[in-house]
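Peer 1: Next up, coords.cif (mmCIF, C-alpha atoms).
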data_data
loop_
_atom_site.label_atom_id
_atom_site.label_comp_id
_atom_site.auth_asym_id
_atom_site.auth_seq_id
_atom_site.Cartn_x
_atom_site.Cartn_y
_atom_site.Cartn_z
CA MET A 73 163.73 15.16 -74.99
CA THR A 74 160.71 15.71 -72.78
CA ARG A 75 158.64 18.57 -74.10
CA TYR A 76 157.38 20.79 -71.30
CA ARG A 77 154.79 23.51 -71.20
CA ILE A 78 156.77 26.41 -69.79
CA ALA A 79 155.12 29.63 -68.63
CA VAL A 80 157.46 32.62 -68.58
CA VAL A 81 156.05 35.02 -66.00
CA GLY A 82 157.47 38.42 -66.86
CA GLY A 83 158.13 37.20 -70.38
CA THR A 84 157.87 40.70 -71.80
CA GLY A 85 161.13 41.72 -70.12
CA PRO A 86 164.48 41.13 -71.86
CA GLN A 87 165.59 38.10 -69.79
CA GLY A 88 162.18 36.45 -70.02
CA ARG A 89 161.95 37.11 -73.75
CA GLY A 90 165.42 35.69 -74.35
CA LEU A 91 164.78 32.52 -72.36
CA ALA A 92 161.31 32.08 -73.88
CA TYR A 93 162.91 32.25 -77.33
CA ARG A 94 165.52 29.62 -76.45
CA PHE A 95 162.99 27.24 -74.87
CA ALA A 96 160.71 27.62 -77.89
CA LEU A 97 163.62 26.97 -80.27
CA ALA A 98 164.45 23.81 -78.31
CA GLY A 99 160.94 22.49 -78.88
CA HIS A 100 159.20 23.27 -75.62
CA GLU A 101 155.68 24.71 -75.56
CA VAL A 102 156.22 28.26 -74.35
CA VAL A 103 153.57 30.61 -73.01
CA VAL A 104 154.53 34.20 -72.30
CA GLY A 105 152.96 35.81 -69.25
CA SER A 106 152.48 39.44 -68.34
CA ARG A 107 150.21 41.46 -66.09
CA ASP A 108 148.59 42.58 -69.32
CA ALA A 109 147.40 39.73 -71.56
CA GLY A 110 147.53 41.98 -74.62
CA ARG A 111 151.19 42.84 -74.12
CA ALA A 112 151.96 39.16 -73.47
CA LYS A 113 150.39 38.20 -76.78
CA GLU A 114 152.33 40.89 -78.67
CA LYS A 115 155.59 39.65 -77.17
CA ALA A 116 154.62 36.03 -77.84
CA ASP A 117 154.10 36.90 -81.51
CA GLU A 118 157.51 38.56 -81.67
CA ILE A 119 159.16 35.47 -80.14
CA ALA A 120 157.15 33.09 -82.33
CA GLU A 121 158.23 34.91 -85.47
CA ARG A 122 161.89 34.72 -84.51
CA ALA A 123 161.75 31.10 -83.34
CA GLY A 124 159.55 29.89 -86.19
CA VAL A 125 157.18 28.06 -83.86
CA THR A 126 153.92 28.87 -82.10
CA VAL A 127 154.21 30.81 -78.83
CA ALA A 128 151.12 31.74 -76.83
CA GLY A 129 150.64 34.63 -74.41
CA GLY A 130 148.33 35.51 -71.57
CA GLU A 131 147.90 36.99 -68.13
CA ASN A 132 150.50 35.77 -65.60
CA ALA A 133 148.20 33.77 -63.31
CA ALA A 134 146.40 32.07 -66.19
CA VAL A 135 149.57 31.00 -68.01
CA ALA A 136 151.21 29.84 -64.76
CA ALA A 137 148.17 27.77 -63.81
CA ALA A 138 148.21 25.94 -67.16
CA ALA A 139 151.97 25.22 -67.24
CA ASP A 140 154.17 22.29 -66.14
CA ILE A 141 157.03 24.63 -65.28
CA VAL A 142 156.92 28.32 -64.39
CA LEU A 143 159.90 30.59 -64.99
CA LEU A 144 159.86 33.74 -62.88
CA ALA A 145 161.63 36.41 -64.93
CA VAL A 146 160.28 39.47 -63.17
CA PRO A 147 161.96 42.51 -61.64
CA TRP A 148 162.95 42.30 -57.97
CA ASP A 149 160.83 45.35 -57.30
CA GLY A 150 157.39 43.95 -56.49
CA HIS A 151 158.62 40.32 -56.53
CA GLY A 152 157.10 39.31 -53.20
CA GLU A 153 153.64 40.65 -54.03
CA LEU A 154 153.68 39.09 -57.47
CA VAL A 155 154.70 35.64 -56.18
CA ALA A 156 152.15 35.78 -53.34
CA GLY A 157 149.47 36.64 -55.88
CA LEU A 158 150.42 33.59 -57.97
CA ALA A 159 150.60 31.20 -55.01
CA ASP A 160 147.70 29.00 -56.16
CA ALA A 161 149.08 28.72 -59.69
CA LEU A 162 152.62 27.90 -58.48
CA ALA A 163 151.65 25.35 -55.81
CA GLY A 164 153.36 22.00 -56.35
CA LYS A 165 155.07 23.12 -59.58
CA VAL A 166 158.67 23.36 -60.65
CA VAL A 167 159.33 27.10 -60.39
CA ILE A 168 162.53 28.52 -61.86
CA SER A 169 163.73 31.88 -60.58
CA CYS A 170 166.23 33.96 -62.54
CA VAL A 171 165.39 37.09 -60.53
CA ASN A 172 168.31 39.35 -59.59
CA PRO A 173 167.87 41.68 -56.60
CA LEU A 174 170.22 44.44 -57.71
CA GLY A 175 170.61 48.11 -56.99
CA PHE A 176 172.05 50.76 -59.32
CA ASP A 177 173.49 54.14 -58.45
CA GLY A 178 176.30 56.45 -59.55
CA GLY A 179 178.83 53.76 -58.57
CA GLY A 180 177.22 51.20 -60.86
CA PRO A 181 175.33 47.98 -60.12
CA TYR A 182 175.51 46.16 -56.78
CA GLY A 183 173.78 43.33 -54.97
CA LEU A 184 171.20 44.41 -52.41
CA VAL A 185 171.92 43.43 -48.80
CA LEU A 186 169.19 40.85 -48.13
CA GLU A 187 168.56 38.12 -45.61
CA GLU A 188 167.12 35.89 -48.33
CA SER A 189 167.43 35.66 -52.08
CA ALA A 190 164.53 36.08 -54.50
CA ALA A 191 164.44 32.28 -54.96
CA GLN A 192 164.24 31.75 -51.19
CA GLU A 193 161.50 34.35 -50.93
CA ALA A 194 159.47 32.52 -53.59
CA GLN A 195 160.01 29.24 -51.73
CA ARG A 196 158.89 30.79 -48.44
CA LEU A 197 155.78 32.33 -50.02
CA VAL A 198 154.81 29.11 -51.82
CA PRO A 199 156.15 26.26 -49.65
CA SER A 200 154.86 23.49 -51.92
CA ALA A 201 156.59 24.95 -55.01
CA ARG A 202 159.72 23.16 -56.17
CA VAL A 203 161.86 26.27 -56.52
CA VAL A 204 165.12 26.19 -58.48
CA GLY A 205 167.44 29.15 -59.10
CA ALA A 206 168.99 29.25 -62.59
CA PHE A 207 169.65 31.34 -65.73
CA HIS A 208 170.74 34.46 -63.80
CA HIS A 209 173.97 35.03 -65.72
CA VAL A 210 173.19 34.47 -69.39
CA ALA A 211 172.92 37.90 -70.98
CA ALA A 212 169.47 38.75 -72.32
CA LEU A 213 170.88 40.05 -75.59
CA SER A 214 173.08 36.98 -76.09
CA LEU A 215 169.96 34.84 -75.70
CA TRP A 216 168.02 36.87 -78.23
CA LYS A 217 170.55 37.94 -80.86
CA THR A 218 171.35 34.52 -82.33
CA PRO A 219 169.97 30.99 -82.11
CA ASP A 220 173.48 29.59 -81.47
CA ALA A 221 174.11 27.71 -78.25
CA LEU A 222 176.09 29.77 -75.71
CA SER A 223 178.45 26.84 -75.48
CA HIS A 224 181.27 28.67 -73.70
CA GLU A 225 179.00 29.60 -70.80
CA ASP A 226 177.58 27.56 -67.93
CA VAL A 227 174.16 27.74 -66.33
CA LEU A 228 174.44 27.38 -62.56
CA VAL A 229 171.46 25.69 -60.93
CA CYS A 230 170.65 25.67 -57.22
CA GLY A 231 167.79 24.13 -55.30
CA ASP A 232 166.72 21.84 -52.50
CA ASP A 233 164.44 19.58 -54.58
CA VAL A 234 166.87 17.23 -56.29
CA GLU A 235 164.52 16.08 -59.06
CA ALA A 236 163.43 19.61 -59.89
CA LYS A 237 167.04 20.72 -59.97
CA GLU A 238 167.96 17.92 -62.39
CA LEU A 239 165.02 18.80 -64.61
CA VAL A 240 166.10 22.45 -64.77
CA ALA A 241 169.74 21.46 -65.35
CA GLY A 242 168.45 19.54 -68.38
CA LEU A 243 166.49 22.56 -69.61
CA ALA A 244 169.75 24.52 -69.68
CA THR A 245 170.66 22.52 -72.77
CA ALA A 246 168.31 24.86 -74.65
CA VAL A 247 170.70 27.72 -73.82
CA THR A 248 174.24 26.34 -73.66
CA GLY A 249 173.91 23.03 -75.50
CA LYS A 250 174.80 21.12 -72.32
CA PRO A 251 173.21 20.53 -68.92
CA GLY A 252 173.50 23.14 -66.20
CA ILE A 253 175.87 22.67 -63.27
CA ASP A 254 174.49 21.71 -59.87
CA ALA A 255 175.71 24.62 -57.76
CA GLY A 256 174.18 23.33 -54.52
CA ALA A 257 171.40 24.25 -52.13
CA LEU A 258 168.69 26.85 -52.79
CA ARG A 259 170.22 29.21 -50.24
CA LEU A 260 173.22 29.63 -52.56
CA ALA A 261 170.89 31.72 -54.73
CA ARG A 262 172.01 34.45 -52.31
CA GLN A 263 175.38 34.18 -54.03
CA LEU A 264 174.23 33.47 -57.59
CA GLU A 265 171.66 36.25 -57.95
CA PRO A 266 173.80 39.29 -57.09
CA LEU A 267 176.76 37.96 -59.07
CA THR A 268 174.89 39.45 -62.01
CA ALA A 269 175.94 42.87 -60.67
CA VAL A 270 179.57 41.89 -61.30
CA LEU A 271 178.77 40.81 -64.86
CA ILE A 272 176.94 44.07 -65.60
CA SER A 273 179.88 45.99 -64.10
CA MET A 274 182.31 44.14 -66.38
CA ASN A 275 180.03 44.68 -69.39
CA LYS A 276 180.26 48.43 -68.86
CA ARG A 277 184.00 48.39 -68.23
CA TYR A 278 184.87 46.19 -71.22
CA LYS A 279 181.94 47.11 -73.52
CA THR A 280 180.97 43.46 -73.92
CA ARG A 281 178.41 40.88 -72.85
CA SER A 282 180.25 38.79 -70.30
CA GLY A 283 179.22 35.39 -69.02
CA ILE A 284 180.25 32.80 -66.47
CA ALA A 285 182.03 29.52 -67.13
CA ILE A 286 183.09 27.02 -64.53
CA THR A 287 186.46 25.30 -64.93
CA GLY A 288 187.20 21.81 -63.64
CA ILE A 289 183.69 20.39 -64.22
CA GLN A 290 182.52 18.39 -67.22
CA VAL A 291 178.74 17.98 -67.34
CA MET B 262 208.16 43.02 -64.70
CA THR B 263 208.26 45.13 -61.56
CA ARG B 264 209.47 43.04 -58.64
CA TYR B 265 207.49 43.77 -55.51
CA ARG B 266 208.08 42.90 -51.89
CA ILE B 267 204.83 41.14 -51.00
CA ALA B 268 203.93 40.27 -47.42
CA VAL B 269 201.40 37.45 -47.12
CA VAL B 270 199.62 37.97 -43.82
CA GLY B 271 198.19 34.60 -42.88
CA GLY B 272 200.68 32.94 -45.17
CA THR B 273 200.62 29.73 -43.17
CA GLY B 274 197.05 28.94 -44.32
CA PRO B 275 196.42 27.09 -47.57
CA GLN B 276 195.33 30.10 -49.68
CA GLY B 277 198.18 32.26 -48.39
CA ARG B 278 200.72 29.50 -48.94
CA GLY B 279 199.50 28.85 -52.48
CA LEU B 280 199.58 32.51 -53.48
CA ALA B 281 202.96 33.05 -51.77
CA TYR B 282 204.32 30.16 -53.83
CA ARG B 283 203.02 31.60 -57.09
CA PHE B 284 204.30 35.12 -56.35
CA ALA B 285 207.71 33.72 -55.42
CA LEU B 286 207.82 31.63 -58.60
CA ALA B 287 207.00 34.74 -60.63
CA GLY B 288 210.05 36.51 -59.20
CA HIS B 289 208.55 38.68 -56.47
CA GLU B 290 210.17 38.97 -53.06
CA VAL B 291 207.74 37.14 -50.79
CA VAL B 292 207.63 37.33 -47.01
CA VAL B 293 205.30 35.00 -45.15
CA GLY B 294 203.55 36.43 -42.11
CA SER B 295 201.95 34.71 -39.14
CA ARG B 296 201.06 35.59 -35.57
CA ASP B 297 203.96 33.29 -34.67
CA ALA B 298 207.26 34.21 -36.36
CA GLY B 299 208.56 30.67 -35.93
CA ARG B 300 205.63 29.12 -37.79
CA ALA B 301 205.98 31.77 -40.50
CA LYS B 302 209.63 30.85 -41.01
CA GLU B 303 208.82 27.13 -41.20
CA LYS B 304 206.17 27.79 -43.86
CA ALA B 305 208.51 30.16 -45.70
CA ASP B 306 211.12 27.39 -45.87
CA GLU B 307 208.53 24.97 -47.27
CA ILE B 308 207.50 27.49 -49.95
CA ALA B 309 211.13 28.40 -50.72
CA GLU B 310 212.07 24.76 -51.24
CA ARG B 311 209.17 24.22 -53.65
CA ALA B 312 209.69 27.48 -55.54
CA GLY B 313 213.49 27.25 -55.63
CA VAL B 314 213.93 30.82 -54.44
CA THR B 315 214.43 32.55 -51.10
CA VAL B 316 211.26 33.23 -49.08
CA ALA B 317 211.45 34.96 -45.71
CA GLY B 318 209.07 34.72 -42.78
CA GLY B 319 208.18 36.76 -39.72
CA GLU B 320 205.49 38.13 -37.46
CA ASN B 321 202.51 39.67 -39.31
CA ALA B 322 203.02 43.31 -38.28
CA ALA B 323 206.75 43.23 -38.99
CA VAL B 324 206.44 41.68 -42.45
CA ALA B 325 203.54 43.98 -43.38
CA ALA B 326 205.49 47.07 -42.30
CA ALA B 327 208.45 46.15 -44.51
CA ALA B 328 206.43 45.27 -47.64
CA ASP B 329 205.32 47.20 -50.74
CA ILE B 330 202.12 45.17 -50.98
CA VAL B 331 200.28 43.26 -48.27
CA LEU B 332 198.07 40.29 -49.08
CA LEU B 333 195.51 39.52 -46.40
CA ALA B 334 194.94 35.76 -46.53
CA VAL B 335 193.47 35.27 -43.09
CA PRO B 336 190.28 33.60 -41.86
CA TRP B 337 187.17 35.77 -41.59
CA ASP B 338 186.94 34.84 -37.93
CA GLY B 339 188.99 37.52 -36.17
CA HIS B 340 189.52 39.54 -39.38
CA GLY B 341 188.47 42.91 -37.95
CA GLU B 342 190.72 42.68 -34.91
CA LEU B 343 193.66 41.51 -36.99
CA VAL B 344 193.32 44.33 -39.53
CA ALA B 345 192.86 46.95 -36.81
CA GLY B 346 196.02 45.68 -35.12
CA LEU B 347 197.96 46.07 -38.38
CA ALA B 348 196.58 49.54 -39.17
CA ASP B 349 199.95 51.31 -38.90
CA ALA B 350 201.69 48.75 -41.10
CA LEU B 351 198.93 48.85 -43.74
CA ALA B 352 198.53 52.65 -43.90
CA GLY B 353 199.02 53.98 -47.44
CA LYS B 354 199.86 50.55 -48.88
CA VAL B 355 198.29 48.42 -51.58
CA VAL B 356 196.40 45.82 -49.56
CA ILE B 357 194.96 42.78 -51.33
CA SER B 358 192.14 40.91 -49.64
CA CYS B 359 191.25 37.34 -50.63
CA VAL B 360 189.27 36.80 -47.42
CA ASN B 361 186.01 34.84 -47.76
CA PRO B 362 183.37 35.33 -45.05
CA LEU B 363 181.74 31.91 -45.26
CA GLY B 364 179.73 29.73 -42.94
CA PHE B 365 179.55 25.93 -42.98
CA ASP B 366 176.86 23.68 -41.55
CA GLY B 367 175.09 20.41 -42.39
CA GLY B 368 173.76 21.99 -45.57
CA GLY B 369 177.28 22.83 -46.81
CA PRO B 370 179.04 26.16 -47.30
CA TYR B 371 177.22 29.48 -47.59
CA GLY B 372 178.01 33.19 -47.65
CA LEU B 373 177.42 34.99 -44.38
CA VAL B 374 174.78 37.74 -44.43
CA LEU B 375 176.89 40.88 -43.98
CA GLU B 376 176.45 44.60 -44.53
CA GLU B 377 180.03 44.86 -45.75
CA SER B 378 182.57 42.50 -47.25
CA ALA B 379 185.92 41.67 -45.68
CA ALA B 380 187.61 43.98 -48.18
CA GLN B 381 185.27 46.84 -47.27
CA GLU B 382 185.89 46.20 -43.58
CA ALA B 383 189.64 46.43 -44.13
CA GLN B 384 189.14 49.68 -46.05
CA ARG B 385 186.98 51.14 -43.28
CA LEU B 386 189.48 50.17 -40.59
CA VAL B 387 192.47 51.55 -42.52
CA PRO B 388 191.09 54.41 -44.64
CA SER B 389 194.46 55.27 -46.21
CA ALA B 390 195.06 51.70 -47.39
CA ARG B 391 194.56 51.08 -51.10
CA VAL B 392 192.40 47.98 -50.71
CA VAL B 393 191.79 45.65 -53.64
CA GLY B 394 189.77 42.41 -53.55
CA ALA B 395 191.24 39.55 -55.62
CA PHE B 396 192.29 35.88 -55.70
CA HIS B 397 189.18 34.62 -53.87
CA HIS B 398 188.35 31.86 -56.35
CA VAL B 399 191.60 30.16 -57.27
CA ALA B 400 191.70 26.89 -55.33
CA ALA B 401 194.48 26.64 -52.75
CA LEU B 402 195.47 23.17 -53.90
CA SER B 403 195.52 24.18 -57.56
CA LEU B 404 197.92 26.98 -56.64
CA TRP B 405 200.21 24.65 -54.73
CA LYS B 406 200.12 21.35 -56.60
CA THR B 407 201.86 22.43 -59.79
CA PRO B 408 203.78 25.46 -61.03
CA ASP B 409 201.66 25.60 -64.21
CA ALA B 410 199.63 28.73 -64.90
CA LEU B 411 195.92 28.26 -64.23
CA SER B 412 195.32 29.58 -67.70
CA HIS B 413 191.68 28.50 -67.97
CA GLU B 414 190.70 30.54 -64.92
CA ASP B 415 190.27 34.26 -64.37
CA VAL B 416 191.20 36.37 -61.37
CA LEU B 417 188.49 38.95 -60.67
CA VAL B 418 189.78 42.18 -59.18
CA CYS B 419 187.67 44.87 -57.50
CA GLY B 420 188.63 48.15 -55.89
CA ASP B 421 188.10 51.89 -55.79
CA ASP B 422 191.78 52.88 -56.25
CA VAL B 423 192.27 52.54 -60.00
CA GLU B 424 196.09 52.37 -59.90
CA ALA B 425 196.13 49.80 -57.11
CA LYS B 426 193.56 47.73 -58.97
CA GLU B 427 195.67 47.77 -62.14
CA LEU B 428 198.75 46.77 -60.18
CA VAL B 429 196.91 43.81 -58.64
CA ALA B 430 195.43 42.83 -62.01
CA GLY B 431 199.03 42.64 -63.23
CA LEU B 432 200.05 40.47 -60.27
CA ALA B 433 197.40 37.95 -61.32
CA THR B 434 199.73 37.00 -64.18
CA ALA B 435 201.67 35.03 -61.59
CA VAL B 436 198.62 32.78 -61.17
CA THR B 437 196.80 32.57 -64.51
CA GLY B 438 199.45 33.76 -66.97
CA LYS B 439 197.34 36.80 -67.88
CA PRO B 440 196.12 39.94 -66.13
CA GLY B 441 193.12 39.80 -63.84
CA ILE B 442 189.76 41.19 -64.92
CA ASP B 443 188.54 44.52 -63.56
CA ALA B 444 185.29 43.46 -61.89
CA GLY B 445 184.42 46.94 -60.67
CA ALA B 446 184.12 48.85 -57.41
CA LEU B 447 185.34 47.61 -54.04
CA ARG B 448 181.79 47.09 -52.84
CA LEU B 449 181.43 44.27 -55.37
CA ALA B 450 183.66 42.27 -53.03
CA ARG B 451 180.31 41.57 -51.33
CA GLN B 452 179.54 39.45 -54.39
CA LEU B 453 183.00 38.05 -55.11
CA GLU B 454 183.87 36.84 -51.62
CA PRO B 455 180.88 34.56 -50.91
CA LEU B 456 180.91 33.17 -54.45
CA THR B 457 183.62 30.91 -53.04
CA ALA B 458 180.84 29.07 -51.19
CA VAL B 459 179.37 28.07 -54.56
CA LEU B 460 182.76 26.80 -55.75
CA ILE B 461 183.26 24.74 -52.59
CA SER B 462 179.73 23.38 -52.98
CA MET B 463 180.47 22.30 -56.56
CA ASN B 464 183.82 20.81 -55.52
CA LYS B 465 182.00 18.52 -53.10
CA ARG B 466 179.25 17.64 -55.58
CA TYR B 467 181.59 16.90 -58.49
CA LYS B 468 184.71 15.84 -56.53
CA THR B 469 186.85 18.41 -58.31
CA ARG B 470 188.59 21.74 -57.85
CA SER B 471 186.37 24.15 -59.73
CA GLY B 472 187.30 27.65 -60.81
CA ILE B 473 185.76 30.71 -62.45
CA ALA B 474 186.28 31.89 -66.00
CA ILE B 475 184.65 34.91 -67.60
CA THR B 476 183.46 34.63 -71.19
CA GLY B 477 183.32 37.58 -73.57
CA ILE B 478 186.39 39.41 -72.17
CA GLN B 479 189.92 39.26 -73.53
CA VAL B 480 192.48 40.81 -71.18
#
What do you get writing this file as structure tokens?

Peer 2:
Amino acid sequence: MTRYRIAVVGGTGPQGRGLAYRFALAGHEVVVGSRDAGRAKEKADEIAERAGVTVAGGENAAVAAAADIVLLAVPWDGHGELVAGLADALAGKVVISCVNPLGFDGGGPYGLVLEESAAQEAQRLVPSARVVGAFHHVAALSLWKTPDALSHEDVLVCGDDVEAKELVAGLATAVTGKPGIDAGALRLARQLEPLTAVLISMNKRYKTRSGIAITGIQV
Amino acid sequence: MTRYRIAVVGGTGPQGRGLAYRFALAGHEVVVGSRDAGRAKEKADEIAERAGVTVAGGENAAVAAAADIVLLAVPWDGHGELVAGLADALAGKVVISCVNPLGFDGGGPYGLVLEESAAQEAQRLVPSARVVGAFHHVAALSLWKTPDALSHEDVLVCGDDVEAKELVAGLATAVTGKPGIDAGALRLARQLEPLTAVLISMNKRYKTRSGIAITGIQV
């Protein structure tokens, strides 16, 4: 396995923490990023303790600049500003987006009506980045609660850079024990991202942590 | 099992034909609708021969008016006009929408950018209809090629009328051998409908007929 240095921007949030833990467990060098370097280091220590390996932490731009691969695990609110502010650090890199532009109201969660997905926005703001959408649908708590592979679930991967997409599909092995599925072009992130609203809706209805599996494909 | 009279509007298309076949096999009284009564009757005969039961056919408005449940299995192109034209026949009825507003170009399939889903449009045009979104993701050919239950797949059902949604979840047994999953409110059809673009994309990439399964929920 190739060991990558992966910066998790927004690694103090539940999805970032969960993915950082899984990547660290799988043997990658993980660096947790946050706006606040102190909080990043606290979270890195928490992840390191659980994973039994070293995990570093630092300010978002610094950790992104030093990484091979940057995972964007930040809230949709403020996403554009954050990505624009990291443009130099993200330039030319494989950038994974698991950002979900969702709304919540009395009727539950729903996908925002947007012309472009979060992944497309990141690509537009940093044209040289090799943006891949992935890891939207694996539940944060399922990632964190056990070290067991989520082998019944699939990671769907979309992107326009074929090599970057293959690399990220390989990284999915850290989560599900098998490569991710090539879901198609980056623009299909418009479909993948808000699907998380459906999963959250089902979680409430059935009091569970639901996930996605694709039938008819063996990876 | 309650036996329903189900009108399949657009039953001459592949998704309508496949679902008509499965409902007929399961013992429901199926009537195939088309703009052209003659074509509807031809398709009904084809389905009847395969299912080994009687299937009737007729013009869309006539078959919808005589049914307990109306399945809309029509193309997105022209959907609004068609539904508005059937408003009297659909009033007060359980109306199932499996309509997928997709676009296709050189980059493959994609979900159209819309303020409302097809299911929401139908609900707006016929406010008294009890609209439920379902059966978007089961592949037309998988429905038609064998009579076997697609037991590895799940039917996701969304709607705001709880009783209608439960009824349609029960109808899913005809397709997967188990009830459909309650995915939430009708507005989540905005997420369910264009997800079909991702499935079509994967079908091309992997030369398969992919489907959706939900992990973590036992229905």

Peer 1: When the PyMOL selection byres ((chain A and resi 76) around 12) is applied to the structure above, which residues does it catch, written out as an mmCIF file with C-alpha atoms, in the frame of the given file?

Peer 2:
data_model
loop_
_atom_site.group_PDB
_atom_site.id
_atom_site.type_symbol
_atom_site.label_atom_id
_atom_site.label_comp_id
_atom_site.auth_asym_id
_atom_site.auth_seq_id
_atom_site.Cartn_x
_atom_site.Cartn_y
_atom_site.Cartn_z
ATOM 1 C CA MET A 73 163.730 15.160 -74.990
ATOM 2 C CA THR A 74 160.710 15.710 -72.780
ATOM 3 C CA ARG A 75 158.640 18.570 -74.100
ATOM 4 C CA ARG A 77 154.790 23.510 -71.200
ATOM 5 C CA ILE A 78 156.770 26.410 -69.790
ATOM 6 C CA ALA A 79 155.120 29.630 -68.630
ATOM 7 C CA PHE A 95 162.990 27.240 -74.870
ATOM 8 C CA ALA A 96 160.710 27.620 -77.890
ATOM 9 C CA ALA A 98 164.450 23.810 -78.310
ATOM 10 C CA GLY A 99 160.940 22.490 -78.880
ATOM 11 C CA HIS A 100 159.200 23.270 -75.620
ATOM 12 C CA GLU A 101 155.680 24.710 -75.560
ATOM 13 C CA VAL A 102 156.220 28.260 -74.350
ATOM 14 C CA VAL A 103 153.570 30.610 -73.010
ATOM 15 C CA ALA A 138 148.210 25.940 -67.160
ATOM 16 C CA ALA A 139 151.970 25.220 -67.240
ATOM 17 C CA ASP A 140 154.170 22.290 -66.140
ATOM 18 C CA ILE A 141 157.030 24.630 -65.280
ATOM 19 C CA VAL A 142 156.920 28.320 -64.390
ATOM 20 C CA LEU A 143 159.900 30.590 -64.990
ATOM 21 C CA VAL A 166 158.670 23.360 -60.650
ATOM 22 C CA LEU A 239 165.020 18.800 -64.610
ATOM 23 C CA VAL A 240 166.100 22.450 -64.770
ATOM 24 C CA GLY A 242 168.450 19.540 -68.380
ATOM 25 C CA LEU A 243 166.490 22.560 -69.610
#

Peer 1: Which value, in Å to one decimal, gives the distance between CA of Tyr282 (chain B) and CA of Leu417 (chain B)?

Peer 2: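 Answer for the CA of Tyr282 (chain B) to CA of Leu417 (chain B) separation: 19.4 Å.
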
Peer 1: Per residue of chain A within 8 Å of chain B, what are the shortest atom pair and its distance in Å to one decimal, counting only C-alpha atoms, with rows by chain and residue number, as CSV?

Peer 2:
residue,atom,partner,partner_atom,distance
A:Gly179,CA,B:Ala446,CA,7.3
A:Tyr182,CA,B:Leu449,CA,6.4
A:Gly183,CA,B:Gln452,CA,7.0
A:Val185,CA,B:Glu376,CA,6.3
A:Leu186,CA,B:Val374,CA,7.4
A:Glu187,CA,B:Val374,CA,6.3
A:His224,CA,B:Thr476,CA,6.8
A:Glu225,CA,B:Thr476,CA,6.7
A:Asp254,CA,B:Met463,CA,6.9
A:Ala255,CA,B:Met463,CA,5.4
A:Gly256,CA,B:Ser462,CA,5.8
A:Ala257,CA,B:Gly368,CA,7.3
A:Arg259,CA,B:Tyr371,CA,7.5
A:Leu260,CA,B:Tyr371,CA,6.4
A:Arg262,CA,B:Gly372,CA,7.7
A:Gln263,CA,B:Leu456,CA,5.6
A:Leu264,CA,B:Leu456,CA,7.4
A:Pro266,CA,B:Gln452,CA,6.3
A:Leu267,CA,B:Gln452,CA,5.6
A:Ala269,CA,B:Leu449,CA,7.8
A:Val270,CA,B:Ala444,CA,6.0
A:Leu271,CA,B:Ala444,CA,7.6
A:Ser273,CA,B:Gly445,CA,5.8
A:Met274,CA,B:Ala444,CA,5.4
A:Arg277,CA,B:Asp443,CA,7.6
A:Tyr278,CA,B:Ile478,CA,7.0
A:Thr280,CA,B:Gly477,CA,6.3
A:Arg281,CA,B:Gly477,CA,6.0
A:Ser282,CA,B:Gly477,CA,4.6
A:Gly283,CA,B:Thr476,CA,4.8
A:Ile284,CA,B:Ile475,CA,5.0
A:Ala285,CA,B:Ala474,CA,5.0
A:Ile286,CA,B:Ile473,CA,5.0
A:Thr287,CA,B:Gly472,CA,4.8
A:Gly288,CA,B:Ser471,CA,4.6
A:Ile289,CA,B:Ser471,CA,6.4

Peer 1: Rounded to one decimal, what separation in Å do you get between CA of Ala134 (chain A) and CA of Glu235 (chain A)?

Peer 2: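 It comes out at 25.2 Å.
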
Peer 1: Residue by residue, what does the PyMOL selection byres ((chain A and resi 162) around 9) grab here? Present the result as a PyMOL selection string.

Peer 2: chain A and resi 133+136-137+141-142+155+158-161+163-167+198+200-202

Peer 1: What does the PyMOL selection byres ((chain A and resi 151) around 12) select in this file, as a compact mmCIF listing (two decimals) with C-alpha atoms, in the coordinates of the input?

Peer 2:
# COMPACT_ATOMS: atom_id res chain seq x y z
CA VAL A 81 156.05 35.02 -66.00
CA GLY A 82 157.47 38.42 -66.86
CA LEU A 144 159.86 33.74 -62.88
CA ALA A 145 161.63 36.41 -64.93
CA VAL A 146 160.28 39.47 -63.17
CA PRO A 147 161.96 42.51 -61.64
CA TRP A 148 162.95 42.30 -57.97
CA ASP A 149 160.83 45.35 -57.30
CA GLY A 150 157.39 43.95 -56.49
CA GLY A 152 157.10 39.31 -53.20
CA GLU A 153 153.64 40.65 -54.03
CA LEU A 154 153.68 39.09 -57.47
CA VAL A 155 154.70 35.64 -56.18
CA ALA A 156 152.15 35.78 -53.34
CA GLY A 157 149.47 36.64 -55.88
CA LEU A 158 150.42 33.59 -57.97
CA SER A 169 163.73 31.88 -60.58
CA CYS A 170 166.23 33.96 -62.54
CA VAL A 171 165.39 37.09 -60.53
CA ASN A 172 168.31 39.35 -59.59
CA PRO A 173 167.87 41.68 -56.60
CA SER A 189 167.43 35.66 -52.08
CA ALA A 190 164.53 36.08 -54.50
CA ALA A 191 164.44 32.28 -54.96
CA GLN A 192 164.24 31.75 -51.19
CA GLU A 193 161.50 34.35 -50.93
CA ALA A 194 159.47 32.52 -53.59
CA LEU A 197 155.78 32.33 -50.02

Peer 1: Extract, using all atoms listed in the file, all DNA, RNA and protein residues at most 7 Å from region 104-116 of chain A, discarding same-chain residues fewer than 2 positions from it, and format them as a ChimeraX atom specification.

Peer 2: /A:79-84,102,118-120,127-132,135

Peer 1: For CA of Asp306 (chain B) and CA of Gly394 (chain B), determine how far apart the two atoms are, in Å to one decimal place.

Peer 2: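 Interatomic distance, CA of Asp306 (chain B) to CA of Gly394 (chain B): 27.2 Å.
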